[in-house]
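Working notes, structure below.
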Amino acid sequence: MSHPAAPPVSLTRHLLEAQRAGQVSADLRLLIEVVARACKQISIAVGKGALGGVLGDAGTGNVQGEAQKKLDVLSNEILLEANAWGGHLAGLASEEMDHSQPIPDVYPRGNYLLLFDPLDGSSNIDVNVSVGTIFSVLRCPDGVTEPRDEHFLQPGTAQVAAGYCVYGPSTMLVLTIGHGTHAFTLDREVGSFMLTRRDIRIPEETREFAVNMSNQRFWEPPMQRYVADLLAGAEGPRGKDFNMRWVASMVADVHRILTRGGIFSYPLDAKCAAKGGRLRLMYEANPMALLVEQAGGAASTGRQRLLEVPPTQLHQRVPVFLGSRREVEAAVRYHLEHDAAQPQPQVA
Ligand code: AFP
């Protein structure tokens with residue numbers, strides 16, 4: 001006797017079942033649903049492209065010193081407005097804002113802090129390549145009613161939820177609340193995110209790496225040697241051929257790695273070393289590192305576990321290696337062996 005196919009599971013049902021299982025509070029469930037709703041609005045704006053009058057530069061710059069795209073500003077506004085009135089947040093921080101913002105006094109405040117990159121990969125917007133929204137959720141420290149930047153400075157291990165929404169051929173929300181990494185695809189006719197991949201597992205080994213090769217001459221020696229060995233292929237020290245992909249949109253590159261494995265790296269280079277790296281720790285590296293670890297992968301600075309980096313500034317940057325566990329471990333070995341071979345400073 002054939003059994004009817006199990007009914008599709010919506011994000012709402014997934015989160016309600018997680019709440020019943022004690023994995024998520026009602027406020028955190030509401031927070032995630034509010035962020036998901038905002039991502040639907042951003043998906044619509046991104047999808048309009050040239051017809052929406054939202055392509056091109058906004059004519060403004062952000063704290064990163066980067067020119068803002070109109071969609072950077074619009075996505076940021078959508079997320080701010082969506083999260084203001086729900087009573088689930090105490091404050092929020094964004095790549096596009098110099099400092100964090102407490103929830104306006106006219107609204108009730110909750111116990112969570114939300115950090116986000118409202119539109120990551122926005123240099124791809126005008127050429128119609130996938131972009132995304134990245135978000136991270138922390139607890140507001142007990143007793144703090146007016147959260148300031150320093151209250152956001154918690155290590156990645158303190159995240160209670162993390163996720164991204166990738167605006168590609170399909171719009172997908174990928175989420176963890178600390179019990180695995182799961183993917184939801186937006187059903188545009190119904191307007192709901194539907195569970196399409198439960199308990200994602202990243203293959204431990206890979207033959208695919210993602211890095212911006214144009215920076216090669218600026219890398220540290222261990223990174224130069226690591227990539228040279230990848231490029232040497234089957235005849236080289238790695239004994240296998242590798243393929244390369246680079247979208248220049250972290251969300252798209254990480255989504256590919258969560259889907260089929262790989263290693264993503266934005267290492268230190270001479271151009272960004274003074275800033276600590278290219279990618280931002282609090283709302284790019286940390287949420288992606290949690291998603292990847294929850295899917296059985298690894299995430300490192302090249303020398304330490306990313307989730308354990310102690311933050312000192314809201315817009316702090318950090319070198320990033322993440323993806324297939326065995327490959328990240330290999331890349332870290334190149335860095336640690338290089339460091340161990342350096343002459344140790346003479347103790348006076
Ligand atoms: P934008 O948001 O300014 O496009 O930067 C995207 C990003 O932060 C990350 O998503 C990419 O992996 C990385 O920068 C791309 O950097 P390059 O432009 O140097 O390749």
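Identifiers for the structure tokens are assigned positionally: chains receive A, B, ... in sequence, residues are indexed from 1 per chain, and ligands are indexed from 1 in the order shown.
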Query raised in the report: Skipping near chain neighbours, those fewer than 6 positions away, what residues fall within 12 Å of segment 138-155 of chain A using only C-alpha atoms, listed as number ranges by chain?
Result: A: 25, 27-28, 31, 88-94, 97-105, 108-116, 161-162, 177, 281-283, 285-287, 289-290, 305-316
Keeping C-alpha atoms for every residue in the selection just given, could you write it to a file as a short mmCIF file (atom, residue, chain, number, x, y, z; two decimals), in the first residue's frame?
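Generated file (again-v4.cif):
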data_model
loop_
_atom_site.label_atom_id
_atom_site.label_comp_id
_atom_site.auth_asym_id
_atom_site.auth_seq_id
_atom_site.Cartn_x
_atom_site.Cartn_y
_atom_site.Cartn_z
CA SER A 25 13.03 29.96 22.49
CA ASP A 27 11.69 34.93 20.91
CA LEU A 28 14.56 33.39 18.91
CA LEU A 31 13.66 36.61 15.36
CA HIS A 88 12.76 40.06 20.35
CA LEU A 89 15.91 42.18 19.97
CA ALA A 90 17.88 44.47 22.28
CA GLY A 91 20.07 45.83 19.49
CA LEU A 92 21.55 45.22 16.08
CA ALA A 93 24.77 45.83 14.12
CA SER A 94 25.37 45.93 10.39
CA MET A 97 26.50 51.07 9.92
CA ASP A 98 29.46 52.57 11.79
CA HIS A 99 28.12 51.52 15.20
CA SER A 100 25.51 49.16 16.63
CA GLN A 101 22.00 50.49 17.31
CA PRO A 102 19.76 49.70 20.31
CA ILE A 103 16.12 48.99 19.42
CA PRO A 104 14.25 52.34 19.49
CA ASP A 105 12.78 53.24 22.90
CA PRO A 108 9.92 46.70 23.67
CA ARG A 109 13.38 45.15 23.78
CA GLY A 110 14.26 41.45 23.93
CA ASN A 111 17.30 39.40 24.87
CA TYR A 112 19.06 38.98 21.55
CA LEU A 113 21.59 40.89 19.46
CA LEU A 114 21.44 40.61 15.68
CA LEU A 115 24.44 41.24 13.41
CA PHE A 116 24.26 41.14 9.63
CA ALA A 161 21.88 31.06 15.62
CA ALA A 162 23.47 31.90 12.27
CA ILE A 177 20.37 27.04 15.74
CA LEU A 281 34.69 38.47 11.72
CA MET A 282 31.38 39.31 13.42
CA TYR A 283 28.90 39.13 10.53
CA ALA A 285 33.31 34.76 9.13
CA ASN A 286 31.62 33.77 12.42
CA PRO A 287 28.15 32.94 11.06
CA ALA A 289 32.03 29.21 10.45
CA LEU A 290 29.14 28.05 12.67
CA ARG A 305 39.67 27.93 15.09
CA LEU A 306 37.66 30.87 13.74
CA LEU A 307 34.87 30.56 16.30
CA GLU A 308 37.38 31.09 19.12
CA VAL A 309 38.86 34.38 17.84
CA PRO A 310 38.32 36.94 20.64
CA PRO A 311 36.70 40.02 19.00
CA THR A 312 38.14 43.46 19.82
CA GLN A 313 36.25 45.62 17.29
CA LEU A 314 32.79 45.45 15.72
CA HIS A 315 34.11 45.59 12.13
CA GLN A 316 37.23 43.54 12.83
#
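For segment 138-250 of chain A, backbone-based DSSP assignment of alpha helix (DSSP H) covers Asp149, Glu150, His151, Phe152, Pro221, Pro222, Met223, Gln224, Arg225, Tyr226, Val227, Ala228, Asp229, Leu230, Leu231, Ala232 and Met250 of chain A.
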Requested in this report: Could you tell me, counting only C-alpha atoms and all ligand atoms, which protein and nucleic acid residues lie no more than 7 Å from ligand 1, written as number ranges by chain?
Outcome: A: 119-124, 212, 248-251, 278-279
Any chance you can output those residues with N, CA, C and O atoms as a short mmCIF file (atom, residue, chain, number, x, y, z; two decimals), in the first residue's frame?
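File result10.cif, as written:
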data_model
loop_
_atom_site.label_atom_id
_atom_site.label_comp_id
_atom_site.auth_asym_id
_atom_site.auth_seq_id
_atom_site.Cartn_x
_atom_site.Cartn_y
_atom_site.Cartn_z
N LEU A 119 23.80 42.80 2.41
CA LEU A 119 23.92 42.30 1.04
C LEU A 119 25.39 42.03 0.74
O LEU A 119 26.15 42.93 0.37
N ASP A 120 25.78 40.78 0.91
CA ASP A 120 27.18 40.39 0.72
C ASP A 120 27.41 40.06 -0.76
O ASP A 120 26.55 39.48 -1.42
N GLY A 121 28.58 40.50 -1.27
CA GLY A 121 28.87 40.22 -2.68
C GLY A 121 28.28 41.27 -3.59
O GLY A 121 28.12 41.09 -4.80
N SER A 122 27.98 42.45 -2.99
CA SER A 122 27.20 43.43 -3.77
C SER A 122 27.97 43.98 -4.97
O SER A 122 27.37 44.58 -5.86
N SER A 123 29.29 43.72 -5.04
CA SER A 123 30.00 44.15 -6.26
C SER A 123 29.53 43.30 -7.45
O SER A 123 29.84 43.59 -8.60
N ASN A 124 28.78 42.23 -7.15
CA ASN A 124 28.26 41.38 -8.24
C ASN A 124 26.87 41.80 -8.70
O ASN A 124 26.35 41.26 -9.69
N ASN A 212 40.84 33.99 -4.44
CA ASN A 212 41.07 35.00 -5.48
C ASN A 212 42.54 34.94 -5.88
O ASN A 212 43.40 35.54 -5.22
N ALA A 248 33.43 35.44 -5.87
CA ALA A 248 33.61 36.78 -5.27
C ALA A 248 32.33 37.24 -4.58
O ALA A 248 32.08 38.42 -4.41
N SER A 249 31.55 36.25 -4.16
CA SER A 249 30.38 36.47 -3.30
C SER A 249 30.43 35.34 -2.28
O SER A 249 30.14 34.18 -2.62
N MET A 250 30.85 35.70 -1.06
CA MET A 250 31.12 34.65 -0.07
C MET A 250 29.93 33.72 0.10
O MET A 250 30.09 32.49 0.21
N VAL A 251 28.71 34.30 0.08
CA VAL A 251 27.51 33.47 0.29
C VAL A 251 27.41 32.40 -0.79
O VAL A 251 27.15 31.23 -0.51
N ARG A 278 40.55 40.48 4.97
CA ARG A 278 39.57 41.10 4.06
C ARG A 278 38.15 40.97 4.61
O ARG A 278 37.38 41.89 4.59
N LEU A 279 37.83 39.75 5.11
CA LEU A 279 36.46 39.48 5.53
C LEU A 279 36.24 39.86 6.99
O LEU A 279 37.16 39.79 7.81
#
**Report entry** Nearest to Val227 of chain A, chosen from A:Asp199, A:Glu327, A:Glu293, A:Glu95, with only C-alpha atoms counted in the distances
**Finding:**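 Looking only at the distances to Val227 of chain A, the closest residue turns out to be A:Glu327.
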Query raised in the report: Taking the backbone alone, and naming residues the way the document does, which bits of segment 10-248 of chain A are strand (DSSP E) by DSSP, as a PyMOL selection string?
Result: chain A and resi 57-61+67-69+89-94+101-102+112-120+131-139+161-167+171-176+181-187+192-197+208-210+243-244
Any chance you can output those residues with C-alpha atoms as a compact mmCIF listing (two decimals), in the first residue's frame?
# COMPACT_ATOMS: atom_id res chain seq x y z
CA ASP A 57 25.95 53.04 -6.59
CA ALA A 58 24.09 54.85 -3.84
CA GLY A 59 26.64 57.67 -3.93
CA THR A 60 27.51 57.02 -0.28
CA GLY A 61 30.27 55.11 1.53
CA ALA A 67 31.14 52.68 -1.99
CA GLN A 68 27.63 51.50 -1.14
CA LYS A 69 25.34 50.06 -3.78
CA LEU A 89 15.91 42.18 19.97
CA ALA A 90 17.88 44.47 22.28
CA GLY A 91 20.07 45.83 19.49
CA LEU A 92 21.55 45.22 16.08
CA ALA A 93 24.77 45.83 14.12
CA SER A 94 25.37 45.93 10.39
CA GLN A 101 22.00 50.49 17.31
CA PRO A 102 19.76 49.70 20.31
CA TYR A 112 19.06 38.98 21.55
CA LEU A 113 21.59 40.89 19.46
CA LEU A 114 21.44 40.61 15.68
CA LEU A 115 24.44 41.24 13.41
CA PHE A 116 24.26 41.14 9.63
CA ASP A 117 25.85 41.87 6.28
CA PRO A 118 22.66 42.94 4.54
CA LEU A 119 23.92 42.30 1.04
CA ASP A 120 27.18 40.39 0.72
CA VAL A 131 24.53 37.72 -3.75
CA GLY A 132 23.24 37.11 -0.24
CA THR A 133 22.41 38.23 3.28
CA ILE A 134 24.43 36.88 6.21
CA PHE A 135 23.25 37.05 9.83
CA SER A 136 24.44 36.09 13.29
CA VAL A 137 22.53 36.04 16.60
CA LEU A 138 24.05 36.53 20.07
CA ARG A 139 22.50 36.86 23.51
CA ALA A 161 21.88 31.06 15.62
CA ALA A 162 23.47 31.90 12.27
CA GLY A 163 22.43 31.79 8.66
CA TYR A 164 22.45 33.26 5.21
CA CYS A 165 20.01 33.77 2.39
CA VAL A 166 21.47 33.31 -1.11
CA TYR A 167 19.67 35.15 -3.92
CA THR A 171 16.38 31.91 -3.10
CA MET A 172 17.59 29.67 -0.27
CA LEU A 173 17.84 30.23 3.46
CA VAL A 174 20.53 28.15 5.20
CA LEU A 175 20.24 28.13 8.99
CA THR A 176 21.63 26.66 12.18
CA THR A 181 22.62 23.01 9.34
CA HIS A 182 19.46 22.96 7.26
CA ALA A 183 18.45 24.54 3.94
CA PHE A 184 15.09 25.99 2.93
CA THR A 185 14.06 26.98 -0.59
CA LEU A 186 11.67 29.87 -1.14
CA ASP A 187 8.39 28.76 -2.71
CA SER A 192 7.19 30.30 2.35
CA PHE A 193 10.65 28.85 2.85
CA MET A 194 10.34 25.06 2.53
CA LEU A 195 12.83 22.56 4.01
CA THR A 196 14.78 21.08 1.09
CA ARG A 197 17.95 19.81 2.79
CA GLU A 208 37.87 22.02 -5.30
CA PHE A 209 39.26 25.23 -3.85
CA ALA A 210 37.98 28.82 -3.87
CA ASN A 243 39.46 22.39 -9.64
CA MET A 244 38.98 26.09 -8.79
Query raised in the report: Between A:Leu74, A:Leu15, A:Val190, A:Ala21, which has the minimum distance to Cys39 of chain A (counting only C-alpha atoms)?
Result: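 Of A:Leu74, A:Leu15, A:Val190, A:Ala21, the one nearest Cys39 of chain A, counting only C-alpha atoms, is A:Leu74.
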Query - Distance of atom CA of Ser214 of chain A from atom CA of Leu336 of chain A, expressed in Å to one decimal place - result: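 Atom CA of Ser214 of chain A lies 24.0 Å from atom CA of Leu336 of chain A.
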Residue contacts of Leu230 of chain A (8 Å, only C-alpha atoms) excluding same-chain residues fewer than 6 positions away, as a PDB file with N, CA, C and O atoms, in the first residue's frame:
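Result went into part-v8.pdb, see below:
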ATOM      1  N   GLY A 236      51.990  16.384  -8.188  1.00  0.00           N
ATOM      2  CA  GLY A 236      52.575  17.151  -7.082  1.00  0.00           C
ATOM      3  C   GLY A 236      52.401  16.456  -5.739  1.00  0.00           C
ATOM      4  O   GLY A 236      51.930  15.315  -5.670  1.00  0.00           O
ATOM      5  N   ARG A 238      50.277  16.727  -3.446  1.00  0.00           N
ATOM      6  CA  ARG A 238      48.939  16.331  -3.002  1.00  0.00           C
ATOM      7  C   ARG A 238      48.450  15.063  -3.664  1.00  0.00           C
ATOM      8  O   ARG A 238      47.479  14.466  -3.226  1.00  0.00           O
ATOM      9  N   ASP A 241      44.406  15.981  -8.670  1.00  0.00           N
ATOM     10  CA  ASP A 241      44.122  17.242  -9.370  1.00  0.00           C
ATOM     11  C   ASP A 241      43.016  17.992  -8.642  1.00  0.00           C
ATOM     12  O   ASP A 241      42.112  17.384  -8.066  1.00  0.00           O
ATOM     13  N   PHE A 242      43.113  19.313  -8.681  1.00  0.00           N
ATOM     14  CA  PHE A 242      42.101  20.157  -8.043  1.00  0.00           C
ATOM     15  C   PHE A 242      41.444  21.053  -9.097  1.00  0.00           C
ATOM     16  O   PHE A 242      42.057  21.422 -10.097  1.00  0.00           O
TER      17      PHE A 242
END
Query raised in the report: Skipping near chain neighbours, those fewer than 2 positions away, what residues fall within 9 Å of Phe264 of chain A using only C-alpha atoms, listed as a count of residues only?
Result: 16
Requested in this report: State, in Å with one decimal place, the distance from atom CA of Arg333 of chain A to atom CA of Met288 of chain A.
Outcome: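 A separation of 21.5 Å between them.
Here atom CA of Tyr334 of chain A stands at a distance of 19.3 Å from atom CA of Gly276 of chain A.
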Requested in this report: Counting only C-alpha atoms, figure out which residue out of A:Gln342, A:Glu205, A:Gly178, A:Ser265 gets nearest to Ala18 of chain A.
Outcome: A:Gly178
